[in-house]
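Asks: I'd like to ask you about the structure that follows.
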Amino acid sequence: MIDARGLSKRFQDKKRGEIRAVDNISFQCQPGKIYGLLGANGAGKTTTLRMLATILEPTDGTAIVCGYDVVEHPEKVRANVGFLSTATALYRRLTAQEFVEYFGRLNGLDEATLKKRVDNIFDRLDMNGFRDRRCDKLSTGMMQKTSIARTLVHDPPVMIFDEPTNGLDIMTARTITAFIRECRNNGKTVIFSTHIMSEVEKLCDTIGIIQSGKLLAEGTLAELRDKYSEHDLEEIFVKVVTPHYVAEEKN
Amino acid sequence: MSLRNVGIVYRKELTEAIRDRRTVISTILVPLLLFPVLSVGFGSLAVALVGKAKEETPKVMLIGGADSPAIVDGLRKLDKIEIVPETPTWKDQIINKEVRAAVDIPAGFQADIAQQKSDTVKIYNYEGELKSEFASDKIEKYLKSYSDNVVKERLAAKNLPVDVLKPFEMKRENVAPPEKVSGAAIGGIIGYMVILLCMTGAMYPAMDLTAGEKERGTMETILSSPISRTHLVLGKFFLILTAALGTAALSVLSMGVSFSVLGHYTSQSASGRDAAAGLLLHLGPKTVVSVFLMALPIAVLFSAVLMTIALFAKTYKEAQSYLTPMTFIVIIPAIAAMLPGVELTSKLSLIPILGTSLLCKELVAGTYHWNLIALIFTSNCVYAAVALFIAIKMFQRESVLFRS
């Protein structure tokens, strides 16, 4: 499970001074549930998820992932997390199998376990046809499958997806959303970020709306509909975000 | 566990490097081909040209001398010199290389000699032109022996022994071992080449493994794996170091092979032997090992510095524009070491590249100044350790890894 406690990230920008990319965010994600972080571009989604995956270190606050503090034990956290984003590319000069094996080894798997895992994943994702093909020769769909295989090789209990379908065609995007569902069904804790309303409506158990680094609203789809007396998620989103959006524009 | 992780990263980077054409070209092909082409190509060309110049029979124009048959006969009898008759355009003919030299015998030369009057015989040549120099050398040699004979005759006429003009003999002999002679000439180049190739070998992987990784979007992928950033940067560093040392090793090897091939080839022809002797190098295993040991901390220093600088770049291209000026920074002290008169001192030893370059010159020449060796090795180890420490620190900084 994930427990974010007052997570904050500030950057120094030469022109704009201090930027609060993430400002005191707290939330919880439970095993077997999908938590969707909904926000416009630049709202702070990626920074939040990168802090959970310990790629970035929080300026203030912390998060507990699978019982480990992201600040105190980042390496232990990463061993329990599968991280996937459109920015997580493949090593082009490795084959699909070598790529997955590399990450298995970095996760401390011994060779026997690794072989079993890799065989199993390649069968399950139907990847045997391009096992020995170099990553720069793969189609987008094959690349996504290889990325999925990477996040699965150490069988992590927590999955973090940062705009995983961004820029993908419909069929490839469906592979990803199906995979996200499968993770939930296997009892994993899932958090993912997106700006696509339909994905959130279809997938998420809990929704968090984020703007200007602040978590403005949180709840199940039903709870949010109730609270803002709107049915359509897009309308709810606009209602939540508009006052802050206007304030930011003025700045 | 930690060594295992460094090893995993290293092996993966090695696999990728071997599959990358650009890395293979810069670390393996360039040093392997550069020296045979440079040394054998240019070397044998030089030997061939020198040989050819010596084998040609140069034309030498005789000006005057009609009333001095003795000296003219001697000139005509000279081996491999063709005496051609006088023309008024002799100067232009030398400039146009139709004749190689001209010898001007003043009127009444033989009569003047007989009356013990001094005259001047002039040799005209085209200075700096190899064939012209050969021709005039031969003429000069003959004139000297002619002059010596005149002296002998005059002494004999006065019943004086020849020794009167030569109260004692002079002889110069070289006692430096052969490797020292060649070492002085070529040792500077060896050190310079090893240092420069360490640098060029490290350069491409340093960019590929840092800026290249950012550009291709795999930085985030690898940072999301449980490996610690220190292990990651060490794995990368060792690969860059391997490339640096590999390039230097291959170039020394290929240089050695090139020189021995060149030596073998030139010893076939008698004329080439003299010319080749100056170029030949006597590199023993001891020299090679010691040059390598001294290059080791320099290679560590380069690998760490290049990696750190390239890490700041967002793209491969940006990294290139940062690293290209580094080549000049390295070349300047390396070249300074090759200048004549720059000798190894304890002060110069502390300048990172210059010290090693000077030391390599000494090592190739077979001189071992142990205290300076210790000083250079230790100081370079310190520089290298600092550079590596900075590289590791930089790899922990988000502002460097995610520069935007």
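Ordering of the structure tokens sets the chain letters (A, B, ...); residue numbers start at 1 within each chain; ligands are numbered from 1 in the order shown.
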As JSON, numbers by chain, could you give me every residue of chain A near chain B (at most 10 Å apart, counting only C-alpha atoms)?

Replies: {"A": [11, 12, 50, 53, 54, 55, 56, 57, 74, 75, 76, 77, 78, 79, 80, 81, 82, 83, 84, 85, 86, 87, 88, 89, 90, 91, 92, 93, 94, 98, 99, 102, 103, 104, 105, 106, 107, 108, 147, 150, 151, 154]}

Asks: Skip A:Met51 itself and residues of its chain fewer than 4 positions away, then list as a PyMOL selection string all residues within 10 Å of it, counting only C-alpha atoms.

Replies: chain A and resi 4+7-9+22+46-47+55-59+62-63+70-71+74

Asks: Go ahead and save the residues from that selection, with C-alpha atoms, as an mmCIF file, in the first residue's frame.

Replies:
```cif
data_model
loop_
_atom_site.group_PDB
_atom_site.id
_atom_site.type_symbol
_atom_site.label_atom_id
_atom_site.label_comp_id
_atom_site.auth_asym_id
_atom_site.auth_seq_id
_atom_site.Cartn_x
_atom_site.Cartn_y
_atom_site.Cartn_z
ATOM 1 C CA ALA A 4 1.683 9.809 1.128
ATOM 2 C CA LEU A 7 4.520 15.134 0.148
ATOM 3 C CA SER A 8 6.069 18.336 -1.259
ATOM 4 C CA LYS A 9 8.543 19.191 -3.989
ATOM 5 C CA VAL A 22 3.879 19.423 -5.412
ATOM 6 C CA THR A 46 4.532 13.221 -12.710
ATOM 7 C CA THR A 47 6.495 14.799 -9.848
ATOM 8 C CA ILE A 55 13.282 8.812 -8.632
ATOM 9 C CA LEU A 56 12.962 12.255 -7.052
ATOM 10 C CA GLU A 57 13.429 13.022 -3.374
ATOM 11 C CA PRO A 58 10.678 15.014 -1.611
ATOM 12 C CA THR A 59 11.639 18.461 -0.308
ATOM 13 C CA THR A 62 7.368 11.625 2.893
ATOM 14 C CA ALA A 63 5.516 8.560 1.717
ATOM 15 C CA VAL A 70 10.776 6.749 0.417
ATOM 16 C CA VAL A 71 13.340 9.064 2.009
ATOM 17 C CA PRO A 74 14.573 4.368 -1.391
#
```

Asks: Counting only C-alpha atoms, what is within 10 Å of stretch 194-210 of chain A, bar same-chain residues fewer than 2 positions away, as JSON, numbers by chain?

Replies: {"A": [22, 25, 27, 28, 29, 30, 32, 33, 34, 35, 36, 37, 38, 39, 40, 41, 42, 43, 44, 45, 46, 161, 162, 163, 164, 165, 166, 177, 178, 180, 181, 184, 190, 191, 192, 212, 213, 214, 215, 216, 217, 218, 219, 220, 221, 222, 223, 224, 232, 233, 234, 236, 237, 240, 241]}

Asks: Got a sec: who's within 10 Å of A:Thr140, counting only C-alpha atoms, leaving out chain neighbours fewer than 6 positions off, as a ChimeraX atom specification?

Replies: /A:146,168-169,172

Asks: What is the atom CA of B:Leu306-atom CA of B:Arg403 distance in Å, reported with one decimal?

Replies: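 Those two atoms sit 17.6 Å apart.
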
Asks: Just asking: which residues within stretch 179-380 of chain B are alpha helix (DSSP H) according to DSSP, as an MDAnalysis selection string?

Replies: chainID B and resid 179:208 211:215 219:223 229:266 270:277 285:312 316:338 346:349 352:364 370:380

Asks: Select from stretch 24-239 of chain A everything DSSP, run on the backbone, classes as strand (DSSP E), then give the selection as a VMD selection string.

Replies: chain A and resid 24 to 29 34 to 38 60 to 65 68 to 69 81 to 85 158 to 162 189 to 194 206 to 211 214 to 219

Asks: One number please: atom CA of B:Phe302 to atom CA of B:Tyr322, in Å, one decimal.

Replies: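 Going from atom CA of B:Phe302 over to atom CA of B:Tyr322, I get 14.0 Å.
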
Asks: Have a look at B:Leu75, B:Leu160, B:Ile189, B:Leu165 and name the one nearest to B:Ser145; count only C-alpha atoms.

Replies: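 Looking at the shortest contact to B:Ser145, the residue is B:Leu75.
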
Asks: List the neighbours of stretch 103-116 of chain B out to 8 Å using only C-alpha atoms; skip same-chain residues closer than 5 positions along the sequence, and give me the result as a PyMOL selection string.

Replies: chain B and resi 60-71+121-124+139

Asks: Restricting the calculation to only C-alpha atoms, which member of B:Val400, B:Leu375, B:Leu245, B:Ala365 is positioned closest to B:Leu348?

Replies: B:Leu375

Asks: Which neighbours of stretch 324-331 of chain B fall inside 9 Å, counting only C-alpha atoms, when residues of the same chain fewer than 4 positions from it are skipped, and could you give them as a count of residues only?

Replies: 12

Asks: What is the distance between atom CA of A:Val65 and atom CA of A:Arg10, in Å to one decimal?

Replies: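 For atom CA of A:Val65 relative to atom CA of A:Arg10, the distance reads 21.3 Å.
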
Asks: Which neighbours of B:Leu38 fall inside 10 Å, counting only C-alpha atoms, when residues of the same chain fewer than 5 positions from it are skipped, and could you give them as a list in words?

Replies: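 Listed by chain and then number, they are Leu33, Gly43, Ser44, Met255 and Ser258 of chain B.
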
Asks: Let me see the file: selected residues, N, CA and C atoms, as a CSV table (one decimal), in the first residue's frame.

Replies:
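Output file part_24.csv follows:
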```csv
chain,number,residue,atom,x,y,z
B,33,LEU,N,43.9,0.7,-36.8
B,33,LEU,CA,44.2,1.1,-38.2
B,33,LEU,C,45.1,2.3,-38.3
B,43,GLY,N,56.1,5.8,-43.0
B,43,GLY,CA,57.5,5.4,-42.8
B,43,GLY,C,58.1,4.7,-44.1
B,44,SER,N,57.3,3.8,-44.7
B,44,SER,CA,57.9,3.1,-45.9
B,44,SER,C,57.9,4.1,-47.1
B,255,MET,N,50.9,-0.1,-32.6
B,255,MET,CA,52.1,0.7,-32.9
B,255,MET,C,53.4,-0.3,-32.9
B,258,SER,N,53.3,-2.4,-36.0
B,258,SER,CA,53.6,-1.5,-37.2
B,258,SER,C,55.1,-1.3,-37.3
```
